[in-house]
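Since the structure comes first, as structure tokens, the remarks are kept for the end.
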Amino acid sequence: MGINYYNSLLLYAILETDVNNCGFNLVDIIAFIDWANHAIMTYDEYNNGINYLLDNNLIEEKDEKYSVTNEFKEWFNDINKNKKRIYLHKAIENIEKYLNDIASIKTLNNKRIIISKEDYENSIKEYKK
């Protein structure tokens with residue numbers, strides 16, 4: 001699985017867990033990815049993924065939280081408009097294709113630290129309770 005698979009999984013998790021366009025809860029992201037992939041992302045996978053999604057304008061900050069962009073939501077809704085059911089792995093596969101088509105992997109010289117490693121590990125502990 002390539003880098004865009006994990007970025008696709010993270011992007012889909014943000015889309016699915018962002019309630020009322022208010023931004024996502026990290027514990028919900030961890031739980032969604034564990035459910036979908038049967039593994040918890042490492043801190044580096046998470047932080048690199050968030051930076052990648054920000055750099056490629058796929059997520060945006062809203063009131064100190066992150067949500068997917070309207071452009072991505074419109075694309076996702078458009079490709080799924082005639083479907084009665086959205087299958088998890090097919091959705092991730094479609095998002096991965098989208099990332100391969102529109103996004104570029106940028107070299108990040110000054111990576112932003114979105115969340116500290118300690119806070120990330122605390123969220124994993126909270127999820128595992």
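Following the order of the structure tokens, chains are lettered A, B, ..., residues in each are numbered from 1, and ligands are numbered from 1.
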At a cut-off of 12 Å, can you tabulate as a tab-separated table every residue of segment 12-40 of chain A near segment 56-76 of chain A together with its closest atom pair and the distance in Å to one decimal, using only C-alpha atoms and ordering rows by chain then number?
residue	atom	partner	partner_atom	distance
A:Tyr12	CA	A:Val68	CA	9.0
A:Ala13	CA	A:Val68	CA	10.0
A:Ile14	CA	A:Ser67	CA	6.7
A:Leu15	CA	A:Val68	CA	6.1
A:Glu16	CA	A:Val68	CA	9.8
A:Thr17	CA	A:Ser67	CA	9.4
A:Asp18	CA	A:Ser67	CA	6.5
A:Val19	CA	A:Ser67	CA	9.5
A:Asn20	CA	A:Ser67	CA	10.0
A:Asn21	CA	A:Ser67	CA	6.6
A:Cys22	CA	A:Ser67	CA	7.2
A:Gly23	CA	A:Tyr66	CA	4.8
A:Phe24	CA	A:Tyr66	CA	6.3
A:Asn25	CA	A:Lys65	CA	8.5
A:Leu26	CA	A:Lys65	CA	10.0
A:Ile29	CA	A:Tyr66	CA	11.6
Can I get the selection written as a PDB file, in the first residue's frame, with N, CA and C atoms?
ATOM      1  N   TYR A  12     -10.808  10.041   4.002  1.00  0.00           N
ATOM      2  CA  TYR A  12     -12.158   9.471   4.133  1.00  0.00           C
ATOM      3  C   TYR A  12     -12.596   9.464   5.600  1.00  0.00           C
ATOM      4  N   ALA A  13     -11.676   9.169   6.492  1.00  0.00           N
ATOM      5  CA  ALA A  13     -12.005   9.184   7.923  1.00  0.00           C
ATOM      6  C   ALA A  13     -12.425  10.583   8.361  1.00  0.00           C
ATOM      7  N   ILE A  14     -11.724  11.596   7.883  1.00  0.00           N
ATOM      8  CA  ILE A  14     -12.088  12.977   8.229  1.00  0.00           C
ATOM      9  C   ILE A  14     -13.465  13.307   7.669  1.00  0.00           C
ATOM     10  N   LEU A  15     -13.720  12.921   6.433  1.00  0.00           N
ATOM     11  CA  LEU A  15     -15.024  13.161   5.813  1.00  0.00           C
ATOM     12  C   LEU A  15     -16.142  12.509   6.619  1.00  0.00           C
ATOM     13  N   GLU A  16     -15.948  11.275   7.022  1.00  0.00           N
ATOM     14  CA  GLU A  16     -16.999  10.512   7.703  1.00  0.00           C
ATOM     15  C   GLU A  16     -17.189  10.895   9.170  1.00  0.00           C
ATOM     16  N   THR A  17     -16.165  11.423   9.804  1.00  0.00           N
ATOM     17  CA  THR A  17     -16.279  11.711  11.244  1.00  0.00           C
ATOM     18  C   THR A  17     -16.513  13.187  11.547  1.00  0.00           C
ATOM     19  N   ASP A  18     -16.478  14.028  10.536  1.00  0.00           N
ATOM     20  CA  ASP A  18     -16.703  15.463  10.729  1.00  0.00           C
ATOM     21  C   ASP A  18     -18.202  15.708  10.848  1.00  0.00           C
ATOM     22  N   VAL A  19     -18.665  15.857  12.062  1.00  0.00           N
ATOM     23  CA  VAL A  19     -20.093  16.028  12.327  1.00  0.00           C
ATOM     24  C   VAL A  19     -20.465  17.500  12.178  1.00  0.00           C
ATOM     25  N   ASN A  20     -21.446  17.765  11.359  1.00  0.00           N
ATOM     26  CA  ASN A  20     -21.985  19.114  11.161  1.00  0.00           C
ATOM     27  C   ASN A  20     -20.939  20.138  10.722  1.00  0.00           C
ATOM     28  N   ASN A  21     -19.939  19.687   9.974  1.00  0.00           N
ATOM     29  CA  ASN A  21     -18.906  20.602   9.474  1.00  0.00           C
ATOM     30  C   ASN A  21     -18.189  21.361  10.580  1.00  0.00           C
ATOM     31  N   CYS A  22     -18.017  20.737  11.718  1.00  0.00           N
ATOM     32  CA  CYS A  22     -17.380  21.387  12.862  1.00  0.00           C
ATOM     33  C   CYS A  22     -15.954  20.899  13.083  1.00  0.00           C
ATOM     34  N   GLY A  23     -15.435  20.097  12.203  1.00  0.00           N
ATOM     35  CA  GLY A  23     -14.101  19.554  12.388  1.00  0.00           C
ATOM     36  C   GLY A  23     -14.172  18.189  13.045  1.00  0.00           C
ATOM     37  N   PHE A  24     -13.086  17.450  12.912  1.00  0.00           N
ATOM     38  CA  PHE A  24     -13.086  16.084  13.407  1.00  0.00           C
ATOM     39  C   PHE A  24     -12.502  15.975  14.814  1.00  0.00           C
ATOM     40  N   ASN A  25     -12.855  14.888  15.471  1.00  0.00           N
ATOM     41  CA  ASN A  25     -12.319  14.531  16.775  1.00  0.00           C
ATOM     42  C   ASN A  25     -11.263  13.455  16.536  1.00  0.00           C
ATOM     43  N   LEU A  26     -10.061  13.641  17.077  1.00  0.00           N
ATOM     44  CA  LEU A  26      -8.959  12.722  16.817  1.00  0.00           C
ATOM     45  C   LEU A  26      -9.279  11.294  17.248  1.00  0.00           C
ATOM     46  N   ILE A  29     -11.209   9.705  14.551  1.00  0.00           N
ATOM     47  CA  ILE A  29     -10.348   9.391  13.403  1.00  0.00           C
ATOM     48  C   ILE A  29      -9.598   8.088  13.666  1.00  0.00           C
TER      49      ILE A  29
END
* Spatial neighbours of Ile92 of chain A, 12 Å, only C-alpha atoms, chain gap at least 2 places, as a count of residues only -> 28
* To do: List every residue of segment 1-128 of chain A that DSSP, applied to the backbone, labels as strand (DSSP E), and write the result as a list in words.
  =>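 Those in segment 1-128 of chain A that DSSP calls strand (DSSP E) are Ile59, Glu60, Glu61, Lys62, Lys65, Tyr66, Ser67 and Val68 of chain A.
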Please write the residues from the selection above to a file, keeping N, CA and C atoms, as an mmCIF file, in the first residue's frame.
data_model
loop_
_atom_site.group_PDB
_atom_site.id
_atom_site.type_symbol
_atom_site.label_atom_id
_atom_site.label_comp_id
_atom_site.auth_asym_id
_atom_site.auth_seq_id
_atom_site.Cartn_x
_atom_site.Cartn_y
_atom_site.Cartn_z
ATOM 1 N N ILE A 59 -8.021 19.436 2.878
ATOM 2 C CA ILE A 59 -8.649 19.771 4.152
ATOM 3 C C ILE A 59 -8.285 21.214 4.463
ATOM 4 N N GLU A 60 -9.085 21.817 5.339
ATOM 5 C CA GLU A 60 -8.846 23.210 5.716
ATOM 6 C C GLU A 60 -9.148 23.385 7.194
ATOM 7 N N GLU A 61 -8.546 24.407 7.758
ATOM 8 C CA GLU A 61 -8.758 24.694 9.173
ATOM 9 C C GLU A 61 -10.003 25.551 9.332
ATOM 10 N N LYS A 62 -10.844 25.151 10.281
ATOM 11 C CA LYS A 62 -12.046 25.905 10.632
ATOM 12 C C LYS A 62 -12.119 25.953 12.144
ATOM 13 N N LYS A 65 -9.983 23.567 14.054
ATOM 14 C CA LYS A 65 -10.232 22.163 13.740
ATOM 15 C C LYS A 65 -10.134 22.013 12.232
ATOM 16 N N TYR A 66 -10.049 20.784 11.768
ATOM 17 C CA TYR A 66 -9.888 20.538 10.340
ATOM 18 C C TYR A 66 -11.081 19.807 9.767
ATOM 19 N N SER A 67 -11.471 20.229 8.559
ATOM 20 C CA SER A 67 -12.573 19.621 7.812
ATOM 21 C C SER A 67 -12.129 19.462 6.367
ATOM 22 N N VAL A 68 -12.791 18.556 5.648
ATOM 23 C CA VAL A 68 -12.489 18.446 4.217
ATOM 24 C C VAL A 68 -13.005 19.698 3.517
#
Just asking: which residues within segment 13-87 of chain A are alpha helix (DSSP H) according to DSSP, as an mmCIF file with N, CA and C atoms, in the first residue's frame?
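The resulting out-v4.cif:
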data_model
loop_
_atom_site.group_PDB
_atom_site.id
_atom_site.type_symbol
_atom_site.label_atom_id
_atom_site.label_comp_id
_atom_site.auth_asym_id
_atom_site.auth_seq_id
_atom_site.Cartn_x
_atom_site.Cartn_y
_atom_site.Cartn_z
ATOM 1 N N ALA A 13 -11.676 9.169 6.492
ATOM 2 C CA ALA A 13 -12.005 9.184 7.923
ATOM 3 C C ALA A 13 -12.425 10.583 8.361
ATOM 4 N N ILE A 14 -11.724 11.596 7.883
ATOM 5 C CA ILE A 14 -12.088 12.977 8.229
ATOM 6 C C ILE A 14 -13.465 13.307 7.669
ATOM 7 N N LEU A 15 -13.720 12.921 6.433
ATOM 8 C CA LEU A 15 -15.024 13.161 5.813
ATOM 9 C C LEU A 15 -16.142 12.509 6.619
ATOM 10 N N GLU A 16 -15.948 11.275 7.022
ATOM 11 C CA GLU A 16 -16.999 10.512 7.703
ATOM 12 C C GLU A 16 -17.189 10.895 9.170
ATOM 13 N N THR A 17 -16.165 11.423 9.804
ATOM 14 C CA THR A 17 -16.279 11.711 11.244
ATOM 15 C C THR A 17 -16.513 13.187 11.547
ATOM 16 N N LEU A 26 -10.061 13.641 17.077
ATOM 17 C CA LEU A 26 -8.959 12.722 16.817
ATOM 18 C C LEU A 26 -9.279 11.294 17.248
ATOM 19 N N VAL A 27 -9.963 11.124 18.353
ATOM 20 C CA VAL A 27 -10.313 9.772 18.809
ATOM 21 C C VAL A 27 -11.214 9.095 17.769
ATOM 22 N N ASP A 28 -12.133 9.858 17.189
ATOM 23 C CA ASP A 28 -13.002 9.297 16.147
ATOM 24 C C ASP A 28 -12.206 8.908 14.907
ATOM 25 N N ILE A 29 -11.209 9.705 14.551
ATOM 26 C CA ILE A 29 -10.348 9.391 13.403
ATOM 27 C C ILE A 29 -9.598 8.088 13.666
ATOM 28 N N ILE A 30 -9.006 7.977 14.847
ATOM 29 C CA ILE A 30 -8.263 6.762 15.215
ATOM 30 C C ILE A 30 -9.181 5.552 15.156
ATOM 31 N N ALA A 31 -10.382 5.688 15.710
ATOM 32 C CA ALA A 31 -11.332 4.574 15.721
ATOM 33 C C ALA A 31 -11.759 4.189 14.302
ATOM 34 N N PHE A 32 -12.049 5.181 13.469
ATOM 35 C CA PHE A 32 -12.479 4.902 12.103
ATOM 36 C C PHE A 32 -11.386 4.169 11.331
ATOM 37 N N ILE A 33 -10.150 4.645 11.440
ATOM 38 C CA ILE A 33 -9.044 4.023 10.702
ATOM 39 C C ILE A 33 -8.769 2.621 11.233
ATOM 40 N N ASP A 34 -8.862 2.430 12.528
ATOM 41 C CA ASP A 34 -8.677 1.085 13.089
ATOM 42 C C ASP A 34 -9.771 0.151 12.581
ATOM 43 N N TRP A 35 -11.007 0.634 12.548
ATOM 44 C CA TRP A 35 -12.119 -0.171 12.044
ATOM 45 C C TRP A 35 -11.926 -0.511 10.572
ATOM 46 N N ALA A 36 -11.522 0.478 9.772
ATOM 47 C CA ALA A 36 -11.404 0.282 8.326
ATOM 48 C C ALA A 36 -10.168 -0.516 7.933
ATOM 49 N N ASN A 37 -9.074 -0.314 8.647
ATOM 50 C CA ASN A 37 -7.790 -0.890 8.235
ATOM 51 C C ASN A 37 -7.259 -1.923 9.226
ATOM 52 N N TYR A 43 2.005 7.864 14.672
ATOM 53 C CA TYR A 43 2.010 9.327 14.760
ATOM 54 C C TYR A 43 2.562 9.931 13.472
ATOM 55 N N ASP A 44 3.652 9.386 12.944
ATOM 56 C CA ASP A 44 4.251 9.933 11.724
ATOM 57 C C ASP A 44 3.320 9.787 10.524
ATOM 58 N N GLU A 45 2.636 8.655 10.401
ATOM 59 C CA GLU A 45 1.673 8.484 9.306
ATOM 60 C C GLU A 45 0.557 9.523 9.407
ATOM 61 N N TYR A 46 0.079 9.738 10.632
ATOM 62 C CA TYR A 46 -0.981 10.717 10.846
ATOM 63 C C TYR A 46 -0.496 12.125 10.523
ATOM 64 N N ASN A 47 0.616 12.525 11.115
ATOM 65 C CA ASN A 47 1.109 13.890 10.949
ATOM 66 C C ASN A 47 1.498 14.163 9.492
ATOM 67 N N ASN A 48 2.187 13.218 8.855
ATOM 68 C CA ASN A 48 2.545 13.393 7.449
ATOM 69 C C ASN A 48 1.301 13.456 6.574
ATOM 70 N N GLY A 49 0.299 12.636 6.889
ATOM 71 C CA GLY A 49 -0.946 12.647 6.130
ATOM 72 C C GLY A 49 -1.694 13.959 6.251
ATOM 73 N N ILE A 50 -1.801 14.471 7.462
ATOM 74 C CA ILE A 50 -2.482 15.755 7.669
ATOM 75 C C ILE A 50 -1.756 16.858 6.910
ATOM 76 N N ASN A 51 -0.431 16.879 6.997
ATOM 77 C CA ASN A 51 0.345 17.887 6.269
ATOM 78 C C ASN A 51 0.134 17.759 4.761
ATOM 79 N N TYR A 52 0.124 16.529 4.255
ATOM 80 C CA TYR A 52 -0.099 16.286 2.827
ATOM 81 C C TYR A 52 -1.470 16.807 2.404
ATOM 82 N N LEU A 53 -2.492 16.498 3.190
ATOM 83 C CA LEU A 53 -3.851 16.926 2.862
ATOM 84 C C LEU A 53 -3.989 18.442 2.918
ATOM 85 N N LEU A 54 -3.330 19.076 3.875
ATOM 86 C CA LEU A 54 -3.338 20.538 3.952
ATOM 87 C C LEU A 54 -2.608 21.147 2.758
ATOM 88 N N ASP A 55 -1.430 20.620 2.447
ATOM 89 C CA ASP A 55 -0.631 21.164 1.349
ATOM 90 C C ASP A 55 -1.311 21.032 -0.003
ATOM 91 N N ASN A 70 -14.822 22.028 0.628
ATOM 92 C CA ASN A 70 -16.081 21.905 -0.115
ATOM 93 C C ASN A 70 -15.832 21.285 -1.486
ATOM 94 N N GLU A 71 -14.715 21.620 -2.116
ATOM 95 C CA GLU A 71 -14.390 21.054 -3.423
ATOM 96 C C GLU A 71 -14.292 19.532 -3.351
ATOM 97 N N PHE A 72 -13.636 19.017 -2.309
ATOM 98 C CA PHE A 72 -13.537 17.565 -2.175
ATOM 99 C C PHE A 72 -14.904 16.954 -1.889
ATOM 100 N N LYS A 73 -15.684 17.577 -1.009
ATOM 101 C CA LYS A 73 -17.026 17.059 -0.699
ATOM 102 C C LYS A 73 -17.890 16.987 -1.946
ATOM 103 N N GLU A 74 -17.816 18.040 -2.767
ATOM 104 C CA GLU A 74 -18.603 18.057 -3.999
ATOM 105 C C GLU A 74 -18.180 16.922 -4.931
ATOM 106 N N TRP A 75 -16.863 16.714 -5.065
ATOM 107 C CA TRP A 75 -16.375 15.618 -5.908
ATOM 108 C C TRP A 75 -16.882 14.273 -5.372
ATOM 109 N N PHE A 76 -16.744 14.061 -4.063
ATOM 110 C CA PHE A 76 -17.147 12.796 -3.456
ATOM 111 C C PHE A 76 -18.646 12.559 -3.623
ATOM 112 N N ASN A 77 -19.438 13.592 -3.362
ATOM 113 C CA ASN A 77 -20.889 13.461 -3.514
ATOM 114 C C ASN A 77 -21.283 13.220 -4.962
ATOM 115 N N ASP A 78 -20.586 13.860 -5.884
ATOM 116 C CA ASP A 78 -20.886 13.710 -7.300
ATOM 117 C C ASP A 78 -20.639 12.278 -7.787
ATOM 118 N N ILE A 79 -19.524 11.667 -7.390
ATOM 119 C CA ILE A 79 -19.257 10.310 -7.873
ATOM 120 C C ILE A 79 -20.137 9.266 -7.185
#
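With only C-alpha atoms as the atoms that count, the minimum distance from Tyr120 of chain A to the choices A:Ile40, A:Ile102, A:Ala91, A:Lys83 is reached by A:Ile40.
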